[in-house]
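Chemist: This is my_file24.cif, which holds mmCIF, C-alpha atoms:
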```cif
data_final
loop_
_atom_site.label_atom_id
_atom_site.label_comp_id
_atom_site.auth_asym_id
_atom_site.auth_seq_id
_atom_site.Cartn_x
_atom_site.Cartn_y
_atom_site.Cartn_z
CA MET A 1 -15.73 5.62 -52.40
CA THR A 2 -18.50 4.84 -49.89
CA CYS A 3 -18.63 4.47 -46.10
CA SER A 4 -18.94 0.68 -46.46
CA GLU A 5 -15.81 0.54 -48.59
CA VAL A 6 -13.93 2.60 -46.04
CA GLU A 7 -15.15 0.35 -43.27
CA ARG A 8 -14.02 -2.75 -45.15
CA VAL A 9 -10.44 -1.61 -45.69
CA LEU A 10 -10.02 0.30 -42.42
CA PRO A 11 -8.26 -2.49 -40.46
CA GLU A 12 -5.52 -2.67 -43.10
CA LEU A 13 -5.33 1.09 -43.52
CA LEU A 14 -4.95 1.80 -39.82
CA ALA A 15 -2.44 -1.02 -39.43
CA ASP A 16 -0.31 0.27 -42.29
CA ALA A 17 -0.54 3.95 -41.40
CA PRO A 18 -1.51 4.15 -37.73
CA ASP A 19 -0.50 7.79 -37.31
CA GLY A 20 0.02 8.92 -40.86
CA ALA A 21 -2.19 10.13 -43.66
CA LEU A 22 -4.60 7.82 -45.44
CA PRO A 23 -4.38 7.27 -49.20
CA GLU A 24 -5.77 10.12 -51.28
CA LYS A 25 -9.04 8.50 -52.37
CA PHE A 26 -9.93 7.69 -48.74
CA GLU A 27 -8.94 11.14 -47.55
CA ALA A 28 -11.30 12.65 -50.10
CA HIS A 29 -14.22 10.66 -48.70
CA VAL A 30 -13.30 11.11 -45.06
CA LYS A 31 -12.95 14.85 -45.51
CA PHE A 32 -16.62 15.18 -46.40
CA CYS A 33 -18.02 12.33 -44.28
CA PRO A 34 -18.31 13.27 -40.61
CA ALA A 35 -19.25 9.71 -39.57
CA CYS A 36 -16.13 8.16 -41.11
CA SER A 37 -14.00 11.05 -39.97
CA ASP A 38 -15.19 10.67 -36.35
CA LEU A 39 -14.75 6.92 -36.46
CA ILE A 40 -11.16 7.13 -37.67
CA SER A 41 -10.18 9.86 -35.23
CA ASP A 42 -11.78 7.94 -32.33
CA LEU A 43 -9.95 4.72 -33.20
CA LYS A 44 -6.67 6.61 -33.41
CA LEU A 45 -7.42 8.30 -30.10
CA ILE A 46 -8.15 4.97 -28.38
CA SER A 47 -4.90 3.58 -29.72
CA ALA A 48 -2.91 6.61 -28.58
CA GLU A 49 -4.45 6.62 -25.10
CA ALA A 50 -3.88 2.89 -24.71
CA ARG A 51 -0.14 3.42 -25.11
CA GLN A 52 -0.22 5.61 -22.00
CA LEU A 53 -1.51 2.70 -19.94
CA ALA A 54 1.71 0.70 -20.24
CA ALA A 55 3.55 0.25 -16.96
CA SER A 56 1.06 2.23 -14.92
CA GLU A 57 0.33 -0.40 -12.28
CA GLU A 58 2.48 -1.31 -9.31
CA PRO A 59 2.52 -4.87 -7.92
CA ALA A 60 2.13 -5.38 -4.17
CA PRO A 61 5.39 -5.68 -2.19
CA ARG A 62 4.52 -9.30 -1.39
CA VAL A 63 5.31 -10.27 -4.99
CA TRP A 64 9.00 -9.60 -4.49
CA VAL A 65 8.95 -11.32 -1.10
CA ARG A 66 7.56 -14.45 -2.75
CA ILE A 67 9.99 -14.30 -5.65
CA SER A 68 12.90 -13.86 -3.29
CA ALA A 69 11.70 -16.74 -1.14
CA GLN A 70 11.35 -19.01 -4.16
CA LEU A 71 14.81 -18.06 -5.48
CA ARG A 72 16.25 -18.95 -2.09
CA SER A 73 14.45 -22.24 -1.91
CA GLU A 74 15.76 -23.13 -5.38
CA GLY A 75 19.29 -22.17 -4.40
CA LEU A 76 19.54 -19.44 -7.04
CA ILE A 77 20.56 -16.85 -4.48
CA HIS A 78 24.03 -17.35 -3.06
CA ASP A 79 25.25 -15.95 0.22
CA PRO A 80 27.37 -12.84 -0.23
CA GLU A 81 30.35 -14.63 1.34
CA SER A 82 30.35 -17.35 -1.33
CA ALA A 83 29.50 -15.11 -4.27
CA PRO A 84 32.50 -13.94 -6.26
CA ALA A 85 30.95 -10.59 -7.08
CA GLN A 86 30.65 -7.76 -4.61
CA PRO A 87 27.12 -7.43 -3.24
CA VAL A 88 25.22 -4.53 -4.70
CA LEU A 89 23.51 -3.34 -1.59
CA ALA A 90 24.77 -5.11 1.49
CA PRO A 91 28.14 -4.17 2.91
CA ALA A 92 30.89 -6.64 1.99
CA SER A 93 31.42 -7.58 5.60
CA THR A 94 29.54 -6.92 8.76
CA PRO A 95 31.19 -6.61 12.15
CA PRO A 96 30.66 -9.86 14.08
CA ARG A 97 29.22 -8.14 17.11
CA TRP A 98 26.37 -6.82 14.94
CA ARG A 99 25.75 -10.25 13.51
CA TRP A 100 25.33 -11.72 16.99
CA SER A 101 23.22 -8.86 18.20
CA ALA A 102 20.80 -9.40 15.32
CA LEU A 103 20.11 -12.99 16.24
CA TRP A 104 17.07 -11.78 18.16
CA LEU A 105 15.35 -11.62 14.76
CA ALA A 106 15.04 -15.40 14.63
CA PRO A 107 13.01 -15.82 17.83
CA VAL A 108 10.93 -12.77 16.92
CA ALA A 109 10.10 -14.35 13.56
CA ALA A 110 9.14 -17.54 15.38
CA ALA A 111 7.08 -15.54 17.87
CA ILE A 112 5.19 -13.85 15.03
CA LEU A 113 4.28 -17.23 13.62
CA ALA A 114 3.28 -18.46 17.07
CA ALA A 115 1.14 -15.37 17.61
CA GLY A 116 -0.52 -15.86 14.24
CA SER A 117 -1.21 -19.51 14.96
CA TYR A 118 -2.58 -18.68 18.38
CA VAL A 119 -4.85 -15.92 17.12
CA ILE A 120 -6.22 -18.12 14.37
CA SER A 121 -6.60 -21.34 16.33
CA HIS A 122 -8.33 -19.57 19.23
CA LYS A 123 -10.95 -17.86 17.09
CA PRO A 124 -14.24 -19.72 17.37
CA ALA A 125 -15.30 -21.20 14.07
CA PRO A 126 -18.62 -22.85 13.31
CA PRO A 127 -18.36 -26.66 13.42
CA VAL A 128 -19.58 -26.98 9.81
CA ALA A 129 -16.84 -24.72 8.53
CA LYS A 130 -14.24 -26.72 10.45
CA GLN A 131 -15.32 -29.94 8.80
CA GLN A 132 -15.24 -28.39 5.36
CA THR A 133 -11.69 -27.15 5.44
CA PRO A 134 -9.14 -29.70 6.57
CA ALA A 135 -6.40 -27.70 4.83
CA THR A 136 -6.55 -24.97 7.45
CA GLN A 137 -6.35 -27.46 10.27
CA ALA A 138 -3.30 -28.98 8.67
CA THR A 139 -1.56 -25.64 8.33
CA ALA A 140 -1.79 -24.48 11.91
CA PRO A 141 0.19 -27.35 13.53
CA ALA A 142 2.96 -26.89 10.95
CA ALA A 143 3.18 -23.25 11.83
CA VAL A 144 3.26 -24.01 15.55
CA THR A 145 6.08 -26.50 14.97
CA ALA A 146 8.01 -23.79 13.21
CA ALA A 147 7.30 -21.40 16.02
CA VAL A 148 8.79 -23.57 18.76
CA THR A 149 11.91 -24.29 16.74
CA PRO A 150 14.59 -21.72 17.60
CA ALA A 151 15.88 -21.45 14.01
CA PRO A 152 12.99 -21.70 11.55
CA ALA A 153 13.74 -23.87 8.50
CA PRO A 154 14.02 -21.31 5.70
CA ALA A 155 13.69 -23.82 2.88
CA ARG A 156 10.25 -25.00 3.85
CA ALA A 157 8.47 -21.79 4.73
CA PRO A 158 9.54 -19.87 1.60
CA GLN A 159 8.40 -22.69 -0.65
CA GLN A 160 5.01 -22.62 0.96
CA LEU A 161 4.85 -18.85 0.83
CA ALA A 162 5.78 -18.66 -2.81
CA GLN A 163 2.67 -20.62 -3.63
CA LYS A 164 0.30 -18.81 -1.36
CA SER A 165 -2.91 -17.61 -2.87
CA ALA A 166 -3.75 -13.95 -2.95
CA LYS A 167 -6.25 -12.37 -0.62
CA PRO A 168 -9.66 -14.06 -0.91
CA GLU A 169 -12.28 -12.11 -2.83
CA SER A 170 -14.48 -11.97 0.30
CA VAL A 171 -11.79 -10.07 2.19
CA LYS A 172 -11.05 -7.83 -0.78
CA SER A 173 -14.66 -6.86 -1.25
CA ALA A 174 -15.05 -6.14 2.45
CA ARG A 175 -11.88 -4.09 2.57
CA VAL A 176 -12.31 -0.95 4.58
CA ALA A 177 -10.58 2.28 3.69
CA ARG A 178 -7.10 2.38 5.12
CA PRO A 179 -6.42 5.19 7.55
CA ALA A 180 -4.60 8.16 6.03
CA VAL A 181 -1.84 7.73 8.60
CA GLU A 182 -0.44 4.25 9.15
CA PRO A 183 -0.39 3.15 12.81
CA ALA A 184 3.03 3.45 14.46
CA PRO A 185 5.12 0.31 14.07
CA SER A 186 5.34 -2.01 17.06
CA ALA A 187 8.46 -2.11 19.23
CA GLU A 188 9.61 -5.31 17.48
CA ASP A 189 9.11 -3.77 14.05
CA GLN A 190 11.03 -0.67 15.07
CA GLN A 191 13.89 -2.84 16.32
CA PHE A 192 13.76 -4.83 13.11
CA LEU A 193 13.96 -1.72 10.94
CA SER A 194 16.71 -0.34 13.09
CA ALA A 195 18.71 -3.56 12.60
CA VAL A 196 18.12 -3.45 8.86
CA SER A 197 19.28 0.19 8.78
CA THR A 198 22.48 -0.83 10.52
CA PHE A 199 23.37 -3.77 8.31
CA THR A 200 21.93 -2.84 4.94
CA PRO A 201 20.95 0.84 5.04
CA ALA A 202 19.97 0.90 1.37
CA MET A 203 17.37 -1.80 2.00
CA ARG A 204 15.58 -0.03 4.82
CA THR A 205 12.95 1.59 2.60
CA THR A 206 12.21 -1.69 0.86
CA TYR A 207 11.81 -3.57 4.14
CA GLU A 208 9.79 -0.73 5.63
CA LEU A 209 7.35 -0.72 2.72
CA GLN A 210 7.05 -4.49 2.80
CA LEU A 211 6.49 -4.44 6.53
CA GLN A 212 3.82 -1.74 6.21
CA ALA A 213 2.09 -3.73 3.50
CA VAL A 214 2.07 -6.98 5.44
CA ASN A 215 0.99 -5.26 8.66
CA ALA A 216 -1.87 -3.57 6.81
CA ASP A 217 -2.82 -6.93 5.33
CA ILE A 218 -2.84 -8.52 8.79
CA ARG A 219 -4.94 -5.69 10.21
CA GLU A 220 -7.49 -5.80 7.39
CA THR A 221 -7.79 -9.55 7.37
CA GLN A 222 -7.93 -9.71 11.17
CA ALA A 223 -10.79 -7.21 11.17
CA TYR A 224 -12.59 -9.26 8.56
CA VAL A 225 -12.03 -12.52 10.45
CA ASP A 226 -13.35 -10.91 13.62
CA ARG A 227 -16.56 -10.12 11.78
CA ASN A 228 -16.68 -13.41 9.87
CA PRO A 229 -15.10 -16.09 12.06
CA GLY A 230 -16.49 -18.85 9.84
CA ASP A 231 -14.70 -17.72 6.67
CA MET A 232 -11.94 -20.29 6.42
CA ASP A 233 -10.37 -18.68 3.35
CA ALA A 234 -9.91 -15.48 5.29
CA ARG A 235 -8.43 -17.36 8.25
CA GLN A 236 -6.01 -19.12 5.94
CA HIS A 237 -5.07 -15.78 4.41
CA LEU A 238 -4.45 -14.37 7.87
CA MET A 239 -2.10 -17.25 8.63
CA ASP A 240 -0.36 -16.63 5.29
CA ALA A 241 0.09 -12.98 6.19
CA TYR A 242 1.70 -13.88 9.53
CA GLN A 243 3.98 -16.32 7.75
CA LEU A 244 4.91 -13.64 5.26
CA LYS A 245 5.87 -11.31 8.09
CA ALA A 246 7.95 -14.02 9.75
CA LEU A 247 9.61 -14.62 6.39
CA LEU A 248 10.53 -10.94 6.12
CA TYR A 249 12.34 -11.22 9.44
CA GLN A 250 13.98 -14.45 8.31
CA ILE A 251 15.22 -12.93 5.04
CA ALA A 252 16.71 -10.01 6.94
CA LEU A 253 18.43 -12.44 9.30
CA ASP A 254 19.86 -14.40 6.37
CA ARG A 255 21.29 -11.22 4.92
CA ILE A 256 22.89 -10.23 8.18
CA GLN A 257 24.41 -13.58 9.15
CA MET B 1 18.88 1.68 -17.91
CA THR B 2 19.94 2.48 -14.34
CA ASP B 3 18.10 2.06 -11.10
CA PRO B 4 18.32 5.54 -9.61
CA LYS B 5 17.97 4.25 -6.04
CA GLN B 6 20.80 1.73 -6.26
CA GLY B 7 23.00 3.57 -8.74
CA ILE B 8 23.68 0.38 -10.66
CA SER B 9 23.13 -0.15 -14.36
CA GLU B 10 20.94 -2.88 -15.74
CA ARG B 11 23.95 -4.51 -17.40
CA GLU B 12 25.83 -4.64 -14.07
CA ALA B 13 22.76 -6.00 -12.32
CA ILE B 14 22.42 -8.76 -14.94
CA GLU B 15 26.03 -9.81 -14.49
CA GLN B 16 25.73 -9.85 -10.71
CA ALA B 17 22.40 -11.69 -10.86
CA LYS B 18 24.16 -14.40 -12.87
CA GLN B 19 26.39 -14.86 -9.81
CA GLY B 20 23.32 -15.29 -7.60
CA ASN B 21 23.39 -11.88 -5.99
CA GLU B 22 20.02 -11.26 -4.40
CA ALA B 23 20.30 -7.50 -4.46
CA ALA B 24 21.01 -7.61 -8.19
CA PHE B 25 17.89 -9.70 -8.72
CA GLU B 26 15.97 -7.10 -6.80
CA VAL B 27 17.39 -4.26 -8.88
CA LEU B 28 16.18 -6.01 -12.03
CA TYR B 29 12.82 -6.63 -10.42
CA GLN B 30 12.46 -2.99 -9.38
CA LEU B 31 13.39 -1.78 -12.87
CA HIS B 32 10.81 -3.92 -14.65
CA LYS B 33 8.10 -4.78 -12.13
CA ARG B 34 5.60 -2.13 -13.24
CA ARG B 35 5.73 -3.00 -16.90
CA VAL B 36 5.55 -6.75 -16.26
CA TYR B 37 2.74 -6.51 -13.72
CA SER B 38 0.78 -4.03 -15.84
CA LEU B 39 1.05 -6.30 -18.85
CA CYS B 40 -0.21 -9.28 -16.84
CA LEU B 41 -3.00 -7.25 -15.29
CA ARG B 42 -4.24 -5.93 -18.62
CA MET B 43 -4.22 -9.36 -20.18
CA VAL B 44 -6.08 -11.18 -17.41
CA SER B 45 -7.97 -8.32 -15.72
CA ASN B 46 -7.53 -9.91 -12.32
CA PRO B 47 -5.03 -8.43 -9.83
CA ALA B 48 -4.43 -11.63 -7.85
CA GLN B 49 -3.88 -13.65 -11.01
CA ALA B 50 -1.68 -10.90 -12.42
CA GLU B 51 0.51 -11.04 -9.31
CA ASP B 52 0.94 -14.78 -9.72
CA LEU B 53 1.78 -14.39 -13.40
CA ALA B 54 4.25 -11.57 -12.79
CA GLN B 55 5.88 -13.72 -10.13
CA GLU B 56 6.12 -16.66 -12.53
CA ALA B 57 7.53 -14.46 -15.31
CA PHE B 58 10.29 -13.10 -13.07
CA LEU B 59 11.08 -16.55 -11.72
CA GLN B 60 11.45 -17.92 -15.24
CA LEU B 61 13.63 -14.96 -16.11
CA PHE B 62 15.89 -15.41 -13.10
CA ARG B 63 16.17 -19.14 -13.68
CA LYS B 64 17.32 -18.51 -17.25
CA ILE B 65 19.35 -15.39 -16.67
CA GLY B 66 22.58 -17.34 -17.06
CA THR B 67 21.68 -17.91 -20.72
CA PHE B 68 21.13 -14.21 -21.46
CA ARG B 69 23.93 -13.10 -23.75
CA GLY B 70 22.77 -9.57 -24.41
CA GLU B 71 22.14 -9.89 -28.14
CA SER B 72 18.63 -8.57 -27.62
CA ALA B 73 17.42 -5.96 -25.18
CA PHE B 74 16.86 -7.38 -21.75
CA SER B 75 13.44 -5.74 -21.53
CA THR B 76 12.39 -7.30 -24.86
CA TRP B 77 13.48 -10.70 -23.59
CA LEU B 78 11.58 -10.25 -20.34
CA HIS B 79 8.40 -8.98 -21.97
CA ARG B 80 8.31 -11.81 -24.47
CA MET B 81 8.76 -14.23 -21.60
CA THR B 82 5.93 -12.52 -19.71
CA VAL B 83 3.60 -12.71 -22.69
CA ASN B 84 4.40 -16.40 -23.08
CA VAL B 85 3.68 -17.04 -19.39
CA VAL B 86 0.32 -15.28 -19.67
CA LEU B 87 -0.64 -16.97 -22.94
CA MET B 88 0.30 -20.34 -21.48
CA GLN B 89 -1.96 -19.63 -18.52
CA LEU B 90 -4.84 -18.54 -20.76
CA ARG B 91 -4.48 -21.73 -22.79
CA LYS B 92 -4.34 -23.85 -19.64
CA LYS B 93 -7.60 -22.31 -18.48
CA GLY B 94 -9.14 -22.97 -21.85
CA LEU B 95 -9.59 -19.28 -22.59
CA PRO B 96 -9.26 -18.29 -26.23
CA VAL B 97 -6.05 -16.51 -27.11
CA VAL B 98 -7.53 -15.67 -30.48
CA SER B 99 -10.86 -17.23 -31.13
CA LEU B 100 -12.67 -17.99 -34.33
CA GLU B 101 -15.96 -17.64 -32.49
CA GLU B 102 -15.13 -14.12 -31.52
CA THR B 103 -14.24 -13.30 -35.08
CA LEU B 104 -17.51 -14.71 -36.35
CA GLU B 105 -19.50 -13.19 -33.54
CA ALA B 106 -17.81 -9.89 -34.15
CA ASP B 107 -18.68 -10.07 -37.82
CA ASN B 108 -22.33 -10.28 -36.85
CA GLU B 109 -22.40 -8.20 -33.74
CA ALA B 110 -19.53 -5.78 -33.94
CA PRO B 111 -20.71 -2.27 -33.37
CA ARG B 112 -21.38 -0.67 -36.72
CA LYS B 113 -21.68 2.95 -37.39
CA GLU B 114 -24.97 4.09 -38.65
CA PHE B 115 -24.27 5.47 -42.05
CA GLY B 116 -25.93 8.73 -42.73
CA SER B 117 -26.27 9.64 -39.06
CA ARG B 118 -23.35 11.05 -37.19
CA ASP B 119 -22.06 9.14 -34.15
CA VAL B 120 -21.28 10.81 -30.88
CA LYS B 121 -17.58 11.50 -31.03
CA LEU B 122 -15.24 10.74 -28.15
CA THR B 123 -14.23 14.42 -28.38
CA GLY B 124 -10.50 14.33 -28.14
CA SER B 125 -9.97 12.82 -24.72
CA ILE B 126 -10.56 9.53 -22.94
CA ASP B 127 -10.66 8.97 -19.23
CA ARG B 128 -7.96 6.37 -18.54
CA LEU B 129 -9.95 4.65 -15.84
CA GLN B 130 -12.85 4.26 -18.25
CA LEU B 131 -10.51 2.98 -20.93
CA GLN B 132 -9.14 0.41 -18.50
CA ARG B 133 -12.66 -0.68 -17.56
CA ALA B 134 -13.56 -0.96 -21.22
CA ILE B 135 -10.48 -3.10 -21.89
CA ASP B 136 -11.46 -5.35 -18.98
CA ARG B 137 -14.83 -5.91 -20.66
CA LEU B 138 -13.31 -7.08 -23.93
CA PRO B 139 -13.53 -10.79 -24.72
CA PRO B 140 -10.16 -12.43 -23.88
CA GLY B 141 -9.12 -12.93 -27.52
CA TYR B 142 -9.71 -9.30 -28.48
CA ARG B 143 -8.12 -8.13 -25.26
CA THR B 144 -4.94 -10.12 -25.88
CA VAL B 145 -4.34 -8.63 -29.32
CA PHE B 146 -5.33 -5.12 -28.26
CA VAL B 147 -3.06 -5.15 -25.20
CA LEU B 148 -0.13 -6.60 -27.11
CA HIS B 149 -0.42 -4.16 -30.00
CA ASP B 150 -1.83 -0.90 -28.71
CA VAL B 151 -0.63 -0.98 -25.10
CA GLU B 152 2.63 -2.92 -25.33
CA GLY B 153 3.64 -1.93 -28.83
CA PHE B 154 4.22 -5.36 -30.38
CA GLU B 155 3.96 -5.58 -34.19
CA HIS B 156 1.32 -7.70 -35.89
CA ASN B 157 3.86 -10.23 -37.12
CA GLU B 158 5.20 -10.65 -33.56
CA ILE B 159 1.69 -11.07 -32.18
CA ALA B 160 0.81 -13.58 -34.88
CA GLN B 161 3.86 -15.61 -33.95
CA MET B 162 3.21 -15.43 -30.22
CA VAL B 163 -0.48 -16.26 -30.23
CA GLY B 164 -0.39 -18.57 -33.25
CA CYS B 165 -2.62 -16.80 -35.75
CA SER B 166 -2.17 -15.07 -39.10
CA VAL B 167 -1.08 -11.45 -39.44
CA GLY B 168 -4.41 -10.67 -41.10
CA ASN B 169 -6.29 -12.21 -38.18
CA SER B 170 -4.27 -10.12 -35.75
CA LYS B 171 -5.12 -6.93 -37.66
CA SER B 172 -8.76 -7.87 -37.87
CA GLN B 173 -9.02 -8.71 -34.17
CA LEU B 174 -7.33 -5.46 -33.24
CA HIS B 175 -9.73 -3.43 -35.35
CA LYS B 176 -12.74 -5.16 -33.85
CA ALA B 177 -11.36 -4.69 -30.37
CA ARG B 178 -11.01 -0.95 -31.01
CA LEU B 179 -14.55 -0.77 -32.38
CA LYS B 180 -15.88 -2.52 -29.30
CA LEU B 181 -13.90 -0.22 -27.04
CA ARG B 182 -15.32 2.80 -28.83
CA GLU B 183 -18.84 1.56 -28.21
CA TYR B 184 -18.14 0.78 -24.57
CA LEU B 185 -16.58 4.20 -24.03
CA LYS B 186 -19.47 6.01 -25.67
CA PHE B 187 -21.90 3.99 -23.56
CA MET B 188 -19.98 4.81 -20.38
CA ARG B 189 -19.90 8.47 -21.32
CA ALA B 190 -23.65 8.49 -21.96
CA GLU B 191 -24.30 6.75 -18.62
CA LYS B 192 -22.12 9.24 -16.81
CA ALA B 193 -23.94 12.13 -18.45
CA LYS B 194 -27.29 10.65 -17.37
CA THR B 195 -26.28 10.17 -13.73
CA GLY B 196 -24.02 13.16 -13.39
#
```
Could I get this structure in the form of structure tokens?

Modeler:
Amino acid sequence: MTCSEVERVLPELLADAPDGALPEKFEAHVKFCPACSDLISDLKLISAEARQLAASEEPAPRVWVRISAQLRSEGLIHDPESAPAQPVLAPASTPPRWRWSALWLAPVAAAILAAGSYVISHKPAPPVAKQQTPATQATAPAAVTAAVTPAPAPARAPQQLAQKSAKPESVKSARVARPAVEPAPSAEDQQFLSAVSTFTPAMRTTYELQLQAVNADIRETQAYVDRNPGDMDARQHLMDAYQLKALLYQIALDRIQ
Amino acid sequence: MTDPKQGISEREAIEQAKQGNEAAFEVLYQLHKRRVYSLCLRMVSNPAQAEDLAQEAFLQLFRKIGTFRGESAFSTWLHRMTVNVVLMQLRKKGLPVVSLEETLEADNEAPRKEFGSRDVKLTGSIDRLQLQRAIDRLPPGYRTVFVLHDVEGFEHNEIAQMVGCSVGNSKSQLHKARLKLREYLKFMRAEKAKTG
């Protein structure tokens, strides 16, 4: 048996006996051939290490927010009241006074959208960039319309959000290191989390993480837009991030009502 | 399988998700998100694209959850669906799932050991980050088979069925992918030794 012969049959051999012993005649060669021996042990090592890679990455919280929004827009999620099964997380019924007291979430969600629209539409952008990206101009008025409506239409915004693109490469590459300690949540966010804790305590951590993620996204993208006011992709992403935050509030409101 | 945070079993979550319970959907998502996202990420090597694909895989799953009867493991069902979503995307983009060109190119250019002279061995351990980078550098066809077999644990006959090639082709592509990875890893190690 030669090295070439080993090389020729190796794909089959390793497929048939990935962890076990090789047939005797191959073993005899491999035992005295350091090159073949190293090759086989390296290939087995690569295979073994690769198995450890499975399920090692965590998706961003926004993925669930988008999925949830899309499920809602398709009518696959039913309100707890109409569902025959007991909700897993949310209490079966919520005292009416709490429901009414949580209605402040709706205007806050609208205000977030309005703030996002304002911030974006009042940033100076070079005239050339404005001409090149009509899509951004079309988005802002829609967001403003949503902002002045007391009860935002949940069917439209989630559909749009579910299709939003991820953060532009320019923003990603310019990403600055996040501070070790996250900034304290705003008064509205604290109120929001407090309301979530009251109605669906088990969901607080999820909402908190999602809120942190979207706030960090807004901060990073805002900083980038401040430095690069002509980057229309980044501006669009900033608007998306504000919409995502408003959607978080809206989803919480839907759960509570 | 049980979500430790919610204290609800996967089976219960499936039944409640069939009724349209959002929290049950979320339990299923939390149980499987890492594996699904990791699979997408390894196959496309692009986080933004992987997020979109993971989202699409879960949406397809939730849309069809009413048809799940439990004959097969839920995770197997989900992972097959995920692979199909990714392969569909690769085909849409015109990327080779398994390419003849790669096979031919590999025949000519696959790293060969120099007989008679001993290679540098990977010495019993591989840095996972380097392995991930090496996988990212693989041509898409090699990467698909390698990820499905060595990372995700699919059998060659399953891979052949999913990607539409022969079992022999799957074995051959896997072997060539491993050879390429070995070369990449040795190169990275040599570079690191030079700079470090």

Chemist: Quick check on the file I pasted: which residues fall under the PyMOL selection byres ((chain B) within 8 of (chain A))? Write them as a VMD selection string.

Modeler: chain B and resid 6 8 16 19 to 24 26 29 33 to 39 48 51 to 52 54 to 55 58 to 59 63 113 115 to 119 121 to 126 128 131 150 to 153 171 to 172 174 to 175 178 to 179 181 to 182

Chemist: Box for segment 236-246 of chain A - axis-aligned, 3 Å on each of the six sides, all listed atoms - centre and size in Å to one decimal, as lines of an AutoDock Vina configuration file.

Modeler:
```
center_x = 1.0
center_y = -15.2
center_z = 7.1
size_x = 20.0
size_y = 13.8
size_z = 11.3
```

Chemist: Considering only C-alpha atoms, return as a PDB file with C-alpha atoms, in the frame of the given file whatever protein or nucleic-acid residues lie within 9 Å of Lys180 of chain B, sequence-local ones (same chain, fewer than 3 positions apart) excluded.

Modeler:
```pdb
ATOM      1  CA  ALA B 110     -19.530  -5.780 -33.940  1.00  0.00           C
ATOM      2  CA  PRO B 111     -20.710  -2.270 -33.370  1.00  0.00           C
ATOM      3  CA  ALA B 134     -13.560  -0.960 -21.220  1.00  0.00           C
ATOM      4  CA  LEU B 138     -13.310  -7.080 -23.930  1.00  0.00           C
ATOM      5  CA  HIS B 175      -9.730  -3.430 -35.350  1.00  0.00           C
ATOM      6  CA  LYS B 176     -12.740  -5.160 -33.850  1.00  0.00           C
ATOM      7  CA  ALA B 177     -11.360  -4.690 -30.370  1.00  0.00           C
ATOM      8  CA  GLU B 183     -18.840   1.560 -28.210  1.00  0.00           C
ATOM      9  CA  TYR B 184     -18.140   0.780 -24.570  1.00  0.00           C
ATOM     10  CA  LEU B 185     -16.580   4.200 -24.030  1.00  0.00           C
TER      11      LEU B 185
END
```

Chemist: In the coordinate frame of the file, compute which residues have an atom within 10 Å of (14.9, -2.7, 13.0) when using only C-alpha atoms, and state them as a list in words.

Modeler: Ala102, Leu105, Ala187, Glu188, Asp189, Gln190, Gln191, Phe192, Leu193, Ser194, Ala195, Val196, Ser197, Thr198, Phe199, Arg204, Tyr207, Glu208, Tyr249 and Ala252 of chain A

Chemist: Taking the file as shown, what set of residues would the PyMOL selection byres ((chain B and resi 45) around 10) give back, as a PDB file with C-alpha atoms, in the coordinates of the input?

Modeler:
```
ATOM      1  CA  SER B  38       0.780  -4.030 -15.840  1.00  0.00           C
ATOM      2  CA  LEU B  39       1.050  -6.300 -18.850  1.00  0.00           C
ATOM      3  CA  CYS B  40      -0.210  -9.280 -16.840  1.00  0.00           C
ATOM      4  CA  LEU B  41      -3.000  -7.250 -15.290  1.00  0.00           C
ATOM      5  CA  ARG B  42      -4.240  -5.930 -18.620  1.00  0.00           C
ATOM      6  CA  MET B  43      -4.220  -9.360 -20.180  1.00  0.00           C
ATOM      7  CA  VAL B  44      -6.080 -11.180 -17.410  1.00  0.00           C
ATOM      8  CA  ASN B  46      -7.530  -9.910 -12.320  1.00  0.00           C
ATOM      9  CA  PRO B  47      -5.030  -8.430  -9.830  1.00  0.00           C
ATOM     10  CA  ALA B  48      -4.430 -11.630  -7.850  1.00  0.00           C
ATOM     11  CA  GLN B  49      -3.880 -13.650 -11.010  1.00  0.00           C
ATOM     12  CA  ALA B  50      -1.680 -10.900 -12.420  1.00  0.00           C
ATOM     13  CA  GLN B 132      -9.140   0.410 -18.500  1.00  0.00           C
ATOM     14  CA  ARG B 133     -12.660  -0.680 -17.560  1.00  0.00           C
ATOM     15  CA  ILE B 135     -10.480  -3.100 -21.890  1.00  0.00           C
ATOM     16  CA  ASP B 136     -11.460  -5.350 -18.980  1.00  0.00           C
ATOM     17  CA  ARG B 137     -14.830  -5.910 -20.660  1.00  0.00           C
ATOM     18  CA  LEU B 138     -13.310  -7.080 -23.930  1.00  0.00           C
ATOM     19  CA  PRO B 140     -10.160 -12.430 -23.880  1.00  0.00           C
ATOM     20  CA  ARG B 143      -8.120  -8.130 -25.260  1.00  0.00           C
TER      21      ARG B 143
END
```

Chemist: Ranking A:Pro61, A:Asp240, A:Arg219, A:Tyr118 by minimum distance to Thr205 of chain A and counting all atoms listed in the file, which one comes first?

Modeler: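 Nearest to Thr205 of chain A: A:Pro61.
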